[in-house]
$ cat structure_17.pdb   # PDB, C-alpha atoms, pLDDT in the B column
ATOM      1  CA  MET A   1      45.342 172.527 150.296  1.00 45.00           C
ATOM      2  CA  ASN A   2      45.106 172.867 146.509  1.00 55.00           C
ATOM      3  CA  THR A   3      45.741 176.502 145.630  1.00 65.00           C
ATOM      4  CA  ILE A   4      45.467 175.893 141.881  1.00 80.00           C
ATOM      5  CA  HIS A   5      41.715 175.927 141.499  1.00 86.00           C
ATOM      6  CA  ALA A   6      39.136 177.905 139.555  1.00 93.00           C
ATOM      7  CA  ALA A   7      35.527 178.139 140.647  1.00 93.00           C
ATOM      8  CA  VAL A   8      33.553 177.943 137.400  1.00 95.00           C
ATOM      9  CA  THR A   9      29.941 179.142 137.382  1.00 95.00           C
ATOM     10  CA  ARG A  10      27.522 180.460 134.769  1.00 96.00           C
ATOM     11  CA  GLU A  11      26.288 184.034 134.824  1.00 95.00           C
ATOM     12  CA  GLU A  12      22.645 184.891 134.135  1.00 95.00           C
ATOM     13  CA  ASP A  13      23.381 185.313 130.427  1.00 95.00           C
ATOM     14  CA  GLY A  14      25.104 181.909 130.279  1.00 94.00           C
ATOM     15  CA  THR A  15      28.656 183.267 130.161  1.00 97.00           C
ATOM     16  CA  PRO A  16      31.096 181.044 132.045  1.00 98.00           C
ATOM     17  CA  ALA A  17      32.707 182.889 134.968  1.00 97.00           C
ATOM     18  CA  ILE A  18      36.105 181.558 136.011  1.00 97.00           C
ATOM     19  CA  ASP A  19      36.915 182.868 139.484  1.00 96.00           C
ATOM     20  CA  VAL A  20      40.559 182.759 140.541  1.00 96.00           C
ATOM     21  CA  ARG A  21      40.438 185.609 143.040  1.00 95.00           C
ATOM     22  CA  GLY A  22      42.797 185.119 145.958  1.00 93.00           C
ATOM     23  CA  GLN A  23      45.419 183.387 143.812  1.00 93.00           C
ATOM     24  CA  THR A  24      48.704 184.685 142.432  1.00 91.00           C
ATOM     25  CA  CYS A  25      51.043 183.787 139.610  1.00 88.00           C
ATOM     26  CA  PRO A  26      51.633 181.180 138.345  1.00 90.00           C
ATOM     27  CA  GLY A  27      48.821 179.245 140.050  1.00 92.00           C
ATOM     28  CA  TYR A  28      45.955 181.391 138.841  1.00 94.00           C
ATOM     29  CA  LEU A  29      47.080 181.118 135.207  1.00 95.00           C
ATOM     30  CA  LEU A  30      47.311 177.333 135.528  1.00 95.00           C
ATOM     31  CA  ALA A  31      43.789 177.289 136.992  1.00 96.00           C
ATOM     32  CA  ILE A  32      42.478 179.508 134.170  1.00 97.00           C
ATOM     33  CA  ASN A  33      44.162 177.282 131.606  1.00 96.00           C
ATOM     34  CA  ARG A  34      42.561 174.131 133.049  1.00 95.00           C
ATOM     35  CA  ALA A  35      39.117 175.746 133.178  1.00 97.00           C
ATOM     36  CA  MET A  36      39.343 177.152 129.634  1.00 97.00           C
ATOM     37  CA  GLU A  37      40.326 173.742 128.268  1.00 96.00           C
ATOM     38  CA  GLU A  38      36.935 172.420 129.416  1.00 96.00           C
ATOM     39  CA  LEU A  39      34.977 175.030 127.420  1.00 97.00           C
ATOM     40  CA  GLU A  40      33.708 174.573 123.874  1.00 97.00           C
ATOM     41  CA  PRO A  41      35.543 176.396 121.058  1.00 97.00           C
ATOM     42  CA  GLY A  42      34.061 179.823 120.369  1.00 97.00           C
ATOM     43  CA  THR A  43      33.089 180.363 124.019  1.00 98.00           C
ATOM     44  CA  THR A  44      33.742 183.715 125.666  1.00 98.00           C
ATOM     45  CA  ALA A  45      34.503 183.471 129.384  1.00 98.00           C
ATOM     46  CA  ARG A  46      34.721 186.090 132.105  1.00 97.00           C
ATOM     47  CA  LEU A  47      37.842 185.652 134.244  1.00 97.00           C
ATOM     48  CA  LEU A  48      37.564 187.112 137.745  1.00 96.00           C
ATOM     49  CA  VAL A  49      40.968 188.071 139.152  1.00 97.00           C
ATOM     50  CA  ASP A  50      42.260 190.239 141.975  1.00 96.00           C
ATOM     51  CA  TYR A  51      45.992 189.862 141.323  1.00 95.00           C
ATOM     52  CA  PRO A  52      47.186 193.346 140.187  1.00 93.00           C
ATOM     53  CA  PRO A  53      49.362 192.157 137.247  1.00 93.00           C
ATOM     54  CA  GLY A  54      46.496 189.910 136.101  1.00 93.00           C
ATOM     55  CA  GLY A  55      45.494 191.936 133.051  1.00 92.00           C
ATOM     56  CA  ALA A  56      48.992 191.954 131.577  1.00 95.00           C
ATOM     57  CA  ASP A  57      49.570 188.302 132.525  1.00 96.00           C
ATOM     58  CA  VAL A  58      46.313 187.153 130.943  1.00 97.00           C
ATOM     59  CA  ARG A  59      46.937 189.207 127.798  1.00 97.00           C
ATOM     60  CA  ALA A  60      50.352 187.517 127.362  1.00 97.00           C
ATOM     61  CA  TRP A  61      48.815 184.108 128.149  1.00 97.00           C
ATOM     62  CA  CYS A  62      46.172 184.699 125.445  1.00 97.00           C
ATOM     63  CA  GLU A  63      48.851 185.508 122.873  1.00 97.00           C
ATOM     64  CA  ARG A  64      50.773 182.319 123.690  1.00 97.00           C
ATOM     65  CA  ARG A  65      47.661 180.101 123.716  1.00 96.00           C
ATOM     66  CA  GLY A  66      45.841 181.607 120.734  1.00 97.00           C
ATOM     67  CA  TYR A  67      42.913 182.970 122.767  1.00 98.00           C
ATOM     68  CA  ARG A  68      41.384 186.377 122.006  1.00 98.00           C
ATOM     69  CA  PHE A  69      41.716 188.961 124.774  1.00 98.00           C
ATOM     70  CA  GLU A  70      38.494 190.994 124.648  1.00 97.00           C
ATOM     71  CA  GLY A  71      39.077 193.505 127.436  1.00 96.00           C
ATOM     72  CA  THR A  72      39.221 194.206 131.133  1.00 96.00           C
ATOM     73  CA  THR A  73      36.819 196.026 133.441  1.00 96.00           C
ATOM     74  CA  ALA A  74      37.420 196.997 137.048  1.00 94.00           C
ATOM     75  CA  GLY A  75      34.880 195.710 139.509  1.00 83.00           C
ATOM     76  CA  GLU A  76      34.315 195.160 143.170  1.00 80.00           C
ATOM     77  CA  GLY A  77      37.247 193.196 144.528  1.00 88.00           C
ATOM     78  CA  GLY A  78      39.277 192.996 141.323  1.00 95.00           C
ATOM     79  CA  TRP A  79      38.889 192.811 137.560  1.00 97.00           C
ATOM     80  CA  ALA A  80      36.801 190.946 135.031  1.00 97.00           C
ATOM     81  CA  ILE A  81      38.672 189.919 131.897  1.00 98.00           C
ATOM     82  CA  LEU A  82      36.839 188.650 128.825  1.00 98.00           C
ATOM     83  CA  VAL A  83      38.624 185.935 126.861  1.00 98.00           C
ATOM     84  CA  ARG A  84      37.353 184.041 123.809  1.00 98.00           C
ATOM     85  CA  LYS A  85      38.448 180.477 123.138  1.00 98.00           C
ATOM     86  CA  PRO A  86      39.315 179.838 119.477  1.00 95.00           C
TER      87      PRO A  86
END
$ encode --input "structure_17.pdb" --output "structure tokens"
Amino acid sequence: MNTIHAAVTREEDGTPAIDVRGQTCPGYLLAINRAMEELEPGTTARLLVDYPPGGADVRAWCERRGYRFEGTTAGEGGWAILVRKP
């Protein structure tokens, strides 16, 4: 079974949603990285995570990759993290 996978959908407003709920580090970051590479520059994506250190991990990942971390909101079953691709 491939545990490094992101389900990518589009929300009603067209924002890509990258769902990696149920995954832990480092797999979910690898899945996010793969999914973000497929997006056009300038795209803001909503990352859906349920791994408690996810916010801090994604913030550090953004700094290393040059992405802009735009914030985190708590939601049902985890967090939504907005990230903008340069």
$ residues_around --input "structure_17.pdb" --residues "Glu37 of chain A" --least-positions-apart "3" --cutoff "12 Å" --atoms "all atoms listed in the file" --output "list in words"
Ile18, Leu30, Ala31, Ile32, Asn33, Arg34, Glu40, Pro41, Gly42, Thr43, Ala45, Arg65, Tyr67, Arg84, Lys85 and Pro86 of chain A
$ closest_residue --input "structure_17.pdb" --among "A:Leu47, A:Gly54, A:Cys62, A:Trp79" --to "Glu11 of chain A" --atoms "all atoms listed in the file"
A:Leu47
$ axis_aligned_box --input "structure_17.pdb" --around "segment 39-44 of chain A" --padding-each-side "8 Å" --output "AutoDock Vina command-line options"
--center_x 34.3 --center_y 179.1 --center_z 123.9 --size_x 18.5 --size_y 25.1 --size_z 23.1
$ closest_residue --input "structure_17.pdb" --among "A:Glu63, A:Asp50, A:Asp57, A:Glu12" --to "Pro26 of chain A" --atoms "all atoms listed in the file"
A:Asp57
$ resolve_selection --input "structure_17.pdb" --expression "the PyMOL selection byres ((chain A and resi 20) around 12)" --output "JSON, numbers by chain"
{"A": [3, 4, 5, 6, 7, 8, 9, 17, 18, 19, 21, 22, 23, 24, 25, 26, 27, 28, 29, 30, 31, 32, 33, 34, 35, 46, 47, 48, 49, 50, 51, 54, 77, 78, 79, 80, 81]}
$ atom_distance --input "structure_17.pdb" --atom1 "atom CA of Gly75 of chain A" --atom2 "atom CA of Glu38 of chain A"
25.5 Å
$ decode --input "structure_17.pdb" --residues "chain A" --atoms "C-alpha atoms" --output "PDB file, in the first residue's frame"
ATOM      1  CA  MET A   1       0.000   0.000   0.000  1.00  0.00           C
ATOM      2  CA  ASN A   2       1.345   3.434  -0.956  1.00  0.00           C
ATOM      3  CA  THR A   3       1.122   5.660   2.107  1.00  0.00           C
ATOM      4  CA  ILE A   4       2.717   8.640   0.355  1.00  0.00           C
ATOM      5  CA  HIS A   5      -0.292   9.992  -1.473  1.00  0.00           C
ATOM      6  CA  ALA A   6      -2.242  13.237  -1.603  1.00  0.00           C
ATOM      7  CA  ALA A   7      -5.835  13.390  -2.760  1.00  0.00           C
ATOM      8  CA  VAL A   8      -6.023  16.590  -4.809  1.00  0.00           C
ATOM      9  CA  THR A   9      -9.437  18.125  -5.492  1.00  0.00           C
ATOM     10  CA  ARG A  10     -10.753  21.595  -6.297  1.00  0.00           C
ATOM     11  CA  GLU A  11     -12.940  23.503  -3.874  1.00  0.00           C
ATOM     12  CA  GLU A  12     -15.982  25.460  -5.058  1.00  0.00           C
ATOM     13  CA  ASP A  13     -13.877  28.602  -5.470  1.00  0.00           C
ATOM     14  CA  GLY A  14     -11.290  26.717  -7.552  1.00  0.00           C
ATOM     15  CA  THR A  15      -8.670  26.476  -4.804  1.00  0.00           C
ATOM     16  CA  PRO A  16      -6.735  23.208  -4.962  1.00  0.00           C
ATOM     17  CA  ALA A  17      -7.230  21.130  -1.803  1.00  0.00           C
ATOM     18  CA  ILE A  18      -4.400  18.723  -1.023  1.00  0.00           C
ATOM     19  CA  ASP A  19      -5.642  16.150   1.482  1.00  0.00           C
ATOM     20  CA  VAL A  20      -2.995  14.220   3.399  1.00  0.00           C
ATOM     21  CA  ARG A  21      -5.083  13.425   6.465  1.00  0.00           C
ATOM     22  CA  GLY A  22      -4.210  10.088   8.022  1.00  0.00           C
ATOM     23  CA  GLN A  23      -0.519  10.416   7.157  1.00  0.00           C
ATOM     24  CA  THR A  24       2.445  11.292   9.353  1.00  0.00           C
ATOM     25  CA  CYS A  25       5.929  12.649   8.850  1.00  0.00           C
ATOM     26  CA  PRO A  26       7.797  12.381   6.573  1.00  0.00           C
ATOM     27  CA  GLY A  27       5.290  10.813   4.162  1.00  0.00           C
ATOM     28  CA  TYR A  28       2.726  13.587   4.259  1.00  0.00           C
ATOM     29  CA  LEU A  29       5.345  16.245   3.470  1.00  0.00           C
ATOM     30  CA  LEU A  30       6.589  14.192   0.517  1.00  0.00           C
ATOM     31  CA  ALA A  31       2.994  13.878  -0.719  1.00  0.00           C
ATOM     32  CA  ILE A  32       2.421  17.637  -0.320  1.00  0.00           C
ATOM     33  CA  ASN A  33       5.658  18.349  -2.158  1.00  0.00           C
ATOM     34  CA  ARG A  34       4.669  16.124  -5.099  1.00  0.00           C
ATOM     35  CA  ALA A  35       1.201  17.677  -5.314  1.00  0.00           C
ATOM     36  CA  MET A  36       2.495  21.264  -5.094  1.00  0.00           C
ATOM     37  CA  GLU A  37       4.990  20.610  -7.888  1.00  0.00           C
ATOM     38  CA  GLU A  38       2.045  19.950 -10.223  1.00  0.00           C
ATOM     39  CA  LEU A  39       0.444  23.358  -9.551  1.00  0.00           C
ATOM     40  CA  GLU A  40       1.063  26.504 -11.580  1.00  0.00           C
ATOM     41  CA  PRO A  41       3.266  29.228 -10.047  1.00  0.00           C
ATOM     42  CA  GLY A  42       1.239  31.769  -8.084  1.00  0.00           C
ATOM     43  CA  THR A  43      -1.341  29.177  -6.997  1.00  0.00           C
ATOM     44  CA  THR A  44      -2.562  29.124  -3.407  1.00  0.00           C
ATOM     45  CA  ALA A  45      -3.464  25.651  -2.148  1.00  0.00           C
ATOM     46  CA  ARG A  46      -5.288  24.471   0.947  1.00  0.00           C
ATOM     47  CA  LEU A  47      -3.451  21.613   2.671  1.00  0.00           C
ATOM     48  CA  LEU A  48      -5.670  19.379   4.803  1.00  0.00           C
ATOM     49  CA  VAL A  49      -3.714  17.701   7.604  1.00  0.00           C
ATOM     50  CA  ASP A  50      -4.536  15.940  10.853  1.00  0.00           C
ATOM     51  CA  TYR A  51      -0.986  15.316  12.079  1.00  0.00           C
ATOM     52  CA  PRO A  52      -0.577  17.541  15.200  1.00  0.00           C
ATOM     53  CA  PRO A  53       2.913  18.910  14.343  1.00  0.00           C
ATOM     54  CA  GLY A  54       1.700  19.636  10.796  1.00  0.00           C
ATOM     55  CA  GLY A  55       1.549  23.416  11.109  1.00  0.00           C
ATOM     56  CA  ALA A  56       5.136  23.732  12.311  1.00  0.00           C
ATOM     57  CA  ASP A  57       6.357  21.113   9.817  1.00  0.00           C
ATOM     58  CA  VAL A  58       4.661  22.813   6.874  1.00  0.00           C
ATOM     59  CA  ARG A  59       5.913  26.248   7.939  1.00  0.00           C
ATOM     60  CA  ALA A  60       9.514  24.930   7.986  1.00  0.00           C
ATOM     61  CA  TRP A  61       8.946  23.129   4.665  1.00  0.00           C
ATOM     62  CA  CYS A  62       7.710  26.406   3.122  1.00  0.00           C
ATOM     63  CA  GLU A  63      10.835  28.234   4.275  1.00  0.00           C
ATOM     64  CA  ARG A  64      13.102  25.574   2.753  1.00  0.00           C
ATOM     65  CA  ARG A  65      11.163  25.384  -0.535  1.00  0.00           C
ATOM     66  CA  GLY A  66      10.455  29.091  -1.014  1.00  0.00           C
ATOM     67  CA  TYR A  67       6.671  28.774  -0.632  1.00  0.00           C
ATOM     68  CA  ARG A  68       4.643  31.380   1.271  1.00  0.00           C
ATOM     69  CA  PHE A  69       2.905  30.113   4.405  1.00  0.00           C
ATOM     70  CA  GLU A  70      -0.396  32.012   4.566  1.00  0.00           C
ATOM     71  CA  GLY A  71      -1.909  30.628   7.762  1.00  0.00           C
ATOM     72  CA  THR A  72      -3.619  27.768   9.516  1.00  0.00           C
ATOM     73  CA  THR A  73      -7.223  27.282  10.605  1.00  0.00           C
ATOM     74  CA  ALA A  74      -8.592  24.498  12.769  1.00  0.00           C
ATOM     75  CA  GLY A  75     -11.404  22.509  11.251  1.00  0.00           C
ATOM     76  CA  GLU A  76     -13.304  19.303  11.621  1.00  0.00           C
ATOM     77  CA  GLY A  77     -10.805  16.467  11.752  1.00  0.00           C
ATOM     78  CA  GLY A  78      -7.634  18.551  11.572  1.00  0.00           C
ATOM     79  CA  TRP A  79      -6.262  21.766  10.115  1.00  0.00           C
ATOM     80  CA  ALA A  80      -6.335  23.630   6.835  1.00  0.00           C
ATOM     81  CA  ILE A  81      -3.068  25.321   5.914  1.00  0.00           C
ATOM     82  CA  LEU A  82      -2.876  27.847   3.088  1.00  0.00           C
ATOM     83  CA  VAL A  83       0.338  27.800   1.068  1.00  0.00           C
ATOM     84  CA  ARG A  84       1.192  29.875  -2.012  1.00  0.00           C
ATOM     85  CA  LYS A  85       3.527  28.531  -4.674  1.00  0.00           C
ATOM     86  CA  PRO A  86       6.055  31.115  -5.897  1.00  0.00           C
TER      87      PRO A  86
END
